[in-house]
Amino acid sequence: MSFITLTTDFGTKDHFVGAVKGAIYSELPEAKVVDITHHISPFNITETAYILKNSYKSFPEGTIHIVGVDSEISEDNKHIAIELDGHYFVCPDNGLISMIASEINPTKIVEINIHDRIESSFPVLDVFVQVACFIARGGSLDVIGKEIPSYKKMVEIQPKVNQTQNQIIGGVIYIDNYGNVISNISKKMFQEIGKGRNYKVTARSYSFSKIHGKYNEIVAVDAKDLRQYDGNKLAIFNSAGFLEIAIYRSNLKTVGGASSLLGLDYRDTIAVEFLNTKTPEFTTIS
C-alpha cells in the first residue's frame, strides 16, 4: 500500500487535519499517512513548493502527496493530479508544482473532474482524499480527469540571470524555524553561471565574499569557545542545495535569526555578482 503524505496550511488547532486523516482511513483502513507539515504560512505557494521539493524524494516511489494550500477551486485555480518522478501529487494548479517540475518533466497531468458530482468548500477533504485513495488502489489518472499538456508556471520561483550573465538576481522563498533565509538560487545555477569566478553575495545592505559548505566553517580551528561566534552572519549552500543567509547557532528567542537581524523577508532580493577579475578580497566556493 502506498504512502499518502499531507502538506497543508491548516495548522493543528482546528479540526481540518483530523478530518482529512479520518476520511483517508475510512476509505483505506490500511493506509500509511504521513504529515510533512501543516504549518505552511497561509496561502504561501512558494513556501509550499520549497518544502515539497525537499521532502518528497525521501519517500518511496508510488507515494501520493496531497497538497492543501490555496486549494479552493476557481476558473484560475483548477485541481490537478500529476505523475512526476515516480510520485503522484494531488493539488491545486496554482504554480506550487513549478519548483519540483523545473528539472523533471511530469509523466502525466490530468485536470480532476469529479467536482461535477461533488460540491465542496473543503476540497482537500471531499475531493483530494478520494483521488488519492483511488490512486493508492492502483487506479489510473485517466479515470480521474482529462489529460492536460501543462501546469501553471510560477515565475517568482525561478531566479533571473542578467544578459551579460555576470549576475543572478534571486529572492527569499522561505524562512525556516531558525530564522535562516533561503533564496531560490541553487548551487547548480551558481556553478553553471559562475564558472569558477569570484563573486559577491548581496542581501539588503549586507554582502558576503564567501559561501560556506557548513555552518561551523566560520569557527576558527583553534577556537576554544564556540559561543564567541554565536550571532555571526554567513552565507551557505544548505542541505537542499539553495543559497541561504544564516546566523550561526541562531535562536529566535535570544540571538535572533537572519530574517529579523538582517531585516530580510519573503520576496526580498538576494543577488550574486560574479567578478571578471580575481582579487584577494574574494574567495571562491569550496
# chains A, B, ... in the order shown; residues from 1 in each chain; ligands from 1
$ residues_around --residues "region 45-56 of chain A" --least-positions-apart "6" --cutoff "6 Å" --atoms "only C-alpha atoms" --output "PyMOL selection string"
chain A and resi 96+99-100+173-174
$ residues_around --residues "region 101-103 of chain A" --least-positions-apart "2" --cutoff "10 Å" --atoms "only C-alpha atoms" --output "ChimeraX atom specification"
/A:53,84-85,96-99,105-106,151,153,157-158
$ write_last_selection --atoms "N, CA, C and O atoms" --output "compact mmCIF listing (two decimals), in the first residue's frame"
# COMPACT_ATOMS: atom_id res chain seq x y z
N LYS A 53 9.59 20.17 -2.60
CA LYS A 53 10.76 19.79 -3.40
C LYS A 53 11.79 19.08 -2.55
O LYS A 53 12.47 18.15 -3.01
N LEU A 84 4.87 12.40 -11.47
CA LEU A 84 6.15 13.07 -11.69
C LEU A 84 7.23 12.39 -10.87
O LEU A 84 7.07 12.21 -9.66
N ASP A 85 8.30 11.99 -11.52
CA ASP A 85 9.46 11.40 -10.84
C ASP A 85 9.07 10.18 -10.01
O ASP A 85 9.61 9.94 -8.93
N LEU A 96 2.40 25.80 -7.52
CA LEU A 96 3.26 25.22 -6.50
C LEU A 96 4.10 24.05 -7.02
O LEU A 96 5.12 23.70 -6.43
N ILE A 97 3.67 23.45 -8.12
CA ILE A 97 4.42 22.32 -8.67
C ILE A 97 5.64 22.79 -9.47
O ILE A 97 6.49 21.98 -9.86
N SER A 98 5.74 24.11 -9.71
CA SER A 98 6.79 24.64 -10.59
C SER A 98 8.19 24.30 -10.14
O SER A 98 9.06 23.98 -10.96
N MET A 99 8.46 24.38 -8.85
CA MET A 99 9.81 24.15 -8.36
C MET A 99 10.21 22.69 -8.53
O MET A 99 11.34 22.37 -8.91
N ASN A 105 10.38 16.73 -15.95
CA ASN A 105 9.08 16.89 -16.60
C ASN A 105 8.08 15.87 -16.08
O ASN A 105 8.42 14.70 -15.90
N PRO A 106 6.83 16.29 -15.83
CA PRO A 106 5.80 15.33 -15.41
C PRO A 106 5.55 14.27 -16.46
O PRO A 106 5.63 14.53 -17.67
N TYR A 151 1.02 22.68 -16.65
CA TYR A 151 0.55 23.19 -15.37
C TYR A 151 0.87 24.68 -15.31
O TYR A 151 1.65 25.20 -16.13
N LYS A 153 2.67 27.93 -14.41
CA LYS A 153 4.04 28.25 -14.03
C LYS A 153 4.04 29.41 -13.04
O LYS A 153 3.22 30.32 -13.12
N ILE A 157 9.38 31.78 -8.59
CA ILE A 157 10.14 30.68 -8.01
C ILE A 157 11.53 30.59 -8.65
O ILE A 157 12.48 30.14 -8.03
N GLN A 158 11.64 31.06 -9.90
CA GLN A 158 12.90 30.96 -10.61
C GLN A 158 13.68 32.27 -10.55
O GLN A 158 13.14 33.34 -10.83
$ closest_residue --among "A:Asp70, A:Glu192, A:Glu217, A:Asp126" --to "Thr8 (chain A)" --atoms "only C-alpha atoms"
A:Asp70
$ residues_around --residues "Ser186 (chain A)" --least-positions-apart "2" --cutoff "9 Å" --atoms "only C-alpha atoms" --output "list in words"
Pro159, Ser183, Asn184, Lys188, Met189, Phe190, Gln191, Phe237, Ala240, Gly241, Phe242 and Leu243 of chain A
$ residues_around --residues "Asp265 (chain A)" --least-positions-apart "3" --cutoff "7 Å" --atoms "only C-alpha atoms" --output "list in words"
Val172, Ser259 and Asp268 of chain A
$ write_last_selection --atoms "all heavy atoms" --output "PDB file, in the first residue's frame"
ATOM      1  N   VAL A 172      14.002  35.769  -1.660  1.00  0.00           N
ATOM      2  CA  VAL A 172      13.725  34.927  -0.498  1.00  0.00           C
ATOM      3  C   VAL A 172      12.444  34.141  -0.755  1.00  0.00           C
ATOM      4  O   VAL A 172      11.405  34.727  -1.068  1.00  0.00           O
ATOM      5  CB  VAL A 172      13.567  35.782   0.772  1.00  0.00           C
ATOM      6  CG1 VAL A 172      13.205  34.909   1.971  1.00  0.00           C
ATOM      7  CG2 VAL A 172      14.849  36.568   1.050  1.00  0.00           C
ATOM      8  N   SER A 259      16.490  36.539   9.404  1.00  0.00           N
ATOM      9  CA  SER A 259      15.340  37.311   8.942  1.00  0.00           C
ATOM     10  C   SER A 259      15.139  38.572   9.784  1.00  0.00           C
ATOM     11  O   SER A 259      14.992  39.676   9.258  1.00  0.00           O
ATOM     12  CB  SER A 259      14.080  36.443   8.988  1.00  0.00           C
ATOM     13  OG  SER A 259      12.945  37.198   8.635  1.00  0.00           O
ATOM     14  N   ASP A 268      12.186  39.369  -0.623  1.00  0.00           N
ATOM     15  CA  ASP A 268      13.297  40.317  -0.686  1.00  0.00           C
ATOM     16  C   ASP A 268      14.379  39.787  -1.621  1.00  0.00           C
ATOM     17  O   ASP A 268      14.557  38.569  -1.778  1.00  0.00           O
ATOM     18  CB  ASP A 268      13.886  40.560   0.703  1.00  0.00           C
ATOM     19  CG  ASP A 268      13.044  41.516   1.531  1.00  0.00           C
ATOM     20  OD1 ASP A 268      12.139  42.144   0.964  1.00  0.00           O
ATOM     21  OD2 ASP A 268      13.293  41.633   2.744  1.00  0.00           O
TER      22      ASP A 268
END
$ select_by_dssp --residues "region 122-256 of chain A" --states "helix (DSSP H, G or I)" --output "MDAnalysis selection string"
chainID A and resid 123:136 141:144 155:157 187:194 215:218 226:229
$ residues_around --residues "region 19-28 of chain A" --least-positions-apart "4" --cutoff "12 Å" --atoms "only C-alpha atoms" --output "ChimeraX atom specification"
/A:1-8,10,12,14-15,32-35,38,66-68,122-137
$ atom_distance --atom1 "CA of Tyr215 (chain A)" --atom2 "CA of Ile175 (chain A)"
16.4 Å
$ select_by_dssp --residues "region 70-192 of chain A" --states "strand (DSSP E)" --output "ChimeraX atom specification"
/A:79-84,87-92,108-112,145-147,160-161,167-175,181-186
$ closest_residue --among "A:Asp76, A:Glu30, A:Asp93, A:Glu273" --to "Tyr199 (chain A)" --atoms "only C-alpha atoms"
A:Glu273
